[in-house]
Structures are given as structure tokens and as C-alpha cells.
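Notes follow once the structure below has been shown.
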Amino acid sequence: MTRAPENLIESTIRAWEAVREQGPLVQCLTNAVVTGFTANVLLALGAAPAMVDIPEEAGPFARIASGVLVNLGTPGSEQREAMREAVAAAQEAGTPWVLDPVAIGVLPVRTALAAELVAAGPSIVRGNASEIIALDGSGAGGRGVDATDGVEDAVAAARRIAQATGAIVAVSGAVDVVTDGAREVRLGNGDALLTRVTGGGCALGAVMAAFAGVDEDRLAAVVAAVTVYNVAAELAAARAAGPGSFAVAFLDALARLDADTLRSRAVIA
């Protein structure tokens, strides 16, 4: 039974505290551009990153991880094999896993892989509006990793994906939308500087895997992950002079977050 939206701020705080206390182990099969930033984000949050993304290791590790991220940003042939192996093992072990279908639509290899993996039943799907629409098969994708569709344009597609797969689907944008296929939660925190740092979106998928590893309520876990991430971005932006200082300040903000700040700043509707 998913918690009612009016209780999601308090459940966000509880989930954030659980991540800090439990230090979930997050396996990241992610793109080569963002591995360092993603690992640092998880460490600042209080989670433990593990970039285990080669065949023969990816499957066994998915069985012991708290959560798994499968990010299609740079899907070389060996990593694609490892992704399939990790997903199969996660499904068998009951490990929650996140699918981030980066830049699908026009590019044929990753688009076919995304269709294959979403059919396996991810716990969570995260993407920008154009990626979610392409994953649904109702659009051709965006301009590479950049969305050309608005978040509200993707809500119907997100709902269909959630209904078909059982996943919680998160559409990232100025106002994020999270849906379980029947309900939508809108999250209003964040800052545009996240879009100016490589890995600003990709690392969020890893954070979702961390929160899913400590909270069985998937909708609440995703809401918590997005809220914590975006509140930290707001705090970092207030101190930053530009993208470079923002990236450093963002890690600091994640590490220094407190419950009172989350409670006072969270925008959840």
C-alpha cells in the first residue's frame, strides 16, 4: 500500500535517514562520461557505489547489491551483455533496479536495448520527457540527451509504461512527475544548473536505486530520491558562481542536508 501524497514529505525524511544509516550498496552499470560524478554523489549521500559492469561479475553482484542502476548512455557490446546479466540476476534476487534509457529514439542500438530491458520489468524508469515518450513508442526521442518535449507531454506515456511494467516512472524536467500508472506526484524543487553539469541527470538514477534499496514503497522512494537531490541542487546553486563551483557545492549540500531543511523546502504535490 503506497503512502498518501500528503505524507510524502515525512516519508522522504525517513527514507533519507535510512540511506544515511544503512549505506545501501548501489551497483552502477552506467555511462563512461559520468562514473566519477555518480560515485561521488552516492558517497556524499551516504550510499556505497560499485561500478561493476562487466560480464560474469555483473550478475553475481546484482544479487548482493541493495539496488542496481542500468544507464544506457554509452552501451558498448560488453556492457550491454553485463546489463542483461545484471537485470536477470536482479529479477531473480528481488533487487530493485532502475532503467535510465538515455538518448533513445533515433539511435538504434540503445533504443532496441531499452525496449528489451523495459520488457523485463524494472522497478523504476527515469528519463527526460523525450526519452519516456520514445520508450513508450509514441515519439522519436529528443536531441541526443536533451529533451525536445515538455514534461506534461510525457505524462500519458509515463502512465502507460508504469501500467504495462509495474514500474514507477519518473519524468525529469523543471517540475518532475512521478507516476505509478494511476496517480501522479509533481515535485517542484531543483535548479537549472543541474543541466549544466555532466551527470546531473544520470546520477539521479543511482540515487533512486539507493532509495529503492531502503524503502519497499517504490513511489515514496522515488519521490524521496528526487526531492533530496533537487533540494541539494537549490542549496548548491545559491552558493555557486557557475557550473564548476556548483558541482562541488552540490556534493557538499548532499552531505550536509538535514531533516529541517528538507521539511521546510520540499515541494511535493
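Ordering of the C-alpha cells sets the chain letters (A, B, ...), residue numbers begin anew at 1 in every chain, and ligands are numbered from 1 in the order given.
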Mind the document's chain letters and residue numbers, and return as a list in words the residues of region 229-260 of chain A that DSSP labels helix (DSSP H, G or I).
->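 Put together, the selection reads Tyr229, Asn230, Val231, Ala232, Ala233, Glu234, Leu235, Ala236, Ala237, Pro243, Gly244, Ser245, Phe246, Ala247, Val248, Ala249, Phe250, Leu251, Asp252, Ala253, Leu254, Ala255, Arg256, Ala259 and Asp260 of chain A.
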Region 61-63 of chain A: which residues within 10 Å, counting only C-alpha atoms, same-chain residues fewer than 4 positions away excluded, as number ranges by chain?
-> A: 25-28, 50, 52-53, 56-57, 67-69, 83, 85-97
So how many Å separate CA of Thr74 (chain A) and CA of Asn128 (chain A), to one decimal?
->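 These two atoms are separated by 16.8 Å.
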From the DSSP assignment of the backbone, select every residue of region 63-200 of chain A that is strand (DSSP E), and format the answer as JSON, numbers by chain.
-> {"A": [67, 68, 69, 70, 71, 97, 98, 99, 100, 124, 125, 126, 127, 128, 168, 169, 170, 171, 172, 176, 177, 178, 179, 184, 185, 186, 187]}
Resulting file, chosen residues, C-alpha atoms, as a PDB file, in the first residue's frame:
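So result.pdb came out as:
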ATOM      1  CA  GLY A  67      19.905  -1.519  -5.783  1.00  0.00           C
ATOM      2  CA  VAL A  68      21.065  -1.537  -9.404  1.00  0.00           C
ATOM      3  CA  LEU A  69      21.259   1.255 -11.979  1.00  0.00           C
ATOM      4  CA  VAL A  70      21.181   0.413 -15.691  1.00  0.00           C
ATOM      5  CA  ASN A  71      22.016   3.566 -17.656  1.00  0.00           C
ATOM      6  CA  TRP A  97      16.713  -1.852 -10.405  1.00  0.00           C
ATOM      7  CA  VAL A  98      16.440   1.420 -12.279  1.00  0.00           C
ATOM      8  CA  LEU A  99      16.369   1.784 -16.068  1.00  0.00           C
ATOM      9  CA  ASP A 100      17.607   5.099 -17.474  1.00  0.00           C
ATOM     10  CA  ILE A 124      11.876   2.298 -11.671  1.00  0.00           C
ATOM     11  CA  VAL A 125      12.236   4.050 -15.015  1.00  0.00           C
ATOM     12  CA  ARG A 126      13.811   7.513 -15.097  1.00  0.00           C
ATOM     13  CA  GLY A 127      14.235   9.775 -18.092  1.00  0.00           C
ATOM     14  CA  ASN A 128      13.538  13.141 -19.609  1.00  0.00           C
ATOM     15  CA  ILE A 168       7.407   3.671 -11.023  1.00  0.00           C
ATOM     16  CA  VAL A 169       8.158   6.128 -13.823  1.00  0.00           C
ATOM     17  CA  ALA A 170       9.864   9.468 -13.192  1.00  0.00           C
ATOM     18  CA  VAL A 171       9.931  12.189 -15.843  1.00  0.00           C
ATOM     19  CA  SER A 172      12.625  14.770 -15.172  1.00  0.00           C
ATOM     20  CA  ASP A 176       9.348  16.408 -12.158  1.00  0.00           C
ATOM     21  CA  VAL A 177       6.438  13.984 -12.462  1.00  0.00           C
ATOM     22  CA  VAL A 178       6.416  10.572 -10.772  1.00  0.00           C
ATOM     23  CA  THR A 179       3.671   8.064 -11.533  1.00  0.00           C
ATOM     24  CA  GLU A 184       0.966  11.392 -10.433  1.00  0.00           C
ATOM     25  CA  VAL A 185       3.087  13.277  -7.912  1.00  0.00           C
ATOM     26  CA  ARG A 186       4.645  16.570  -9.014  1.00  0.00           C
ATOM     27  CA  LEU A 187       7.914  17.720  -7.486  1.00  0.00           C
TER      28      LEU A 187
END
CA of Ala237 (chain A) and CA of Gly201 (chain A), how far apart in Å?
-> 15.7 Å
Please measure the separation of CA of Pro49 (chain A) and CA of Leu107 (chain A), giving the value in Å to one decimal.
-> 28.5 Å
With a distance cut-off of 12 Å and only C-alpha atoms, select the neighbouring residues of Asn230 (chain A), excluding the residue or stretch itself and same-chain residues fewer than 4 positions from it, and output the selection as JSON, numbers by chain.
-> {"A": [172, 173, 174, 175, 176, 187, 188, 189, 190, 191, 192, 193, 194, 195, 200, 201, 203, 204, 207, 223, 224, 225, 226, 234, 235, 236, 237, 250, 251, 253, 254, 257, 262, 265, 266, 267, 268]}
Considering only C-alpha atoms, state which residue in the set A:Phe37, A:Ala259, A:Asp217, A:Thr165 is at the smallest distance from Gly199 (chain A).
->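 Closest to Gly199 (chain A), using only C-alpha atoms: A:Phe37.
When only C-alpha atoms are used to measure the gap to Ala39 (chain A), the shortest distance among A:Ala221, A:Val197, A:Ala232, A:Ala206 belongs to A:Ala206.
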Smallest atom-to-atom distance to Ala82 (chain A): which of A:Ala58, A:Ala65, A:Leu43, A:Ile132, using only C-alpha atoms?
-> A:Ala58
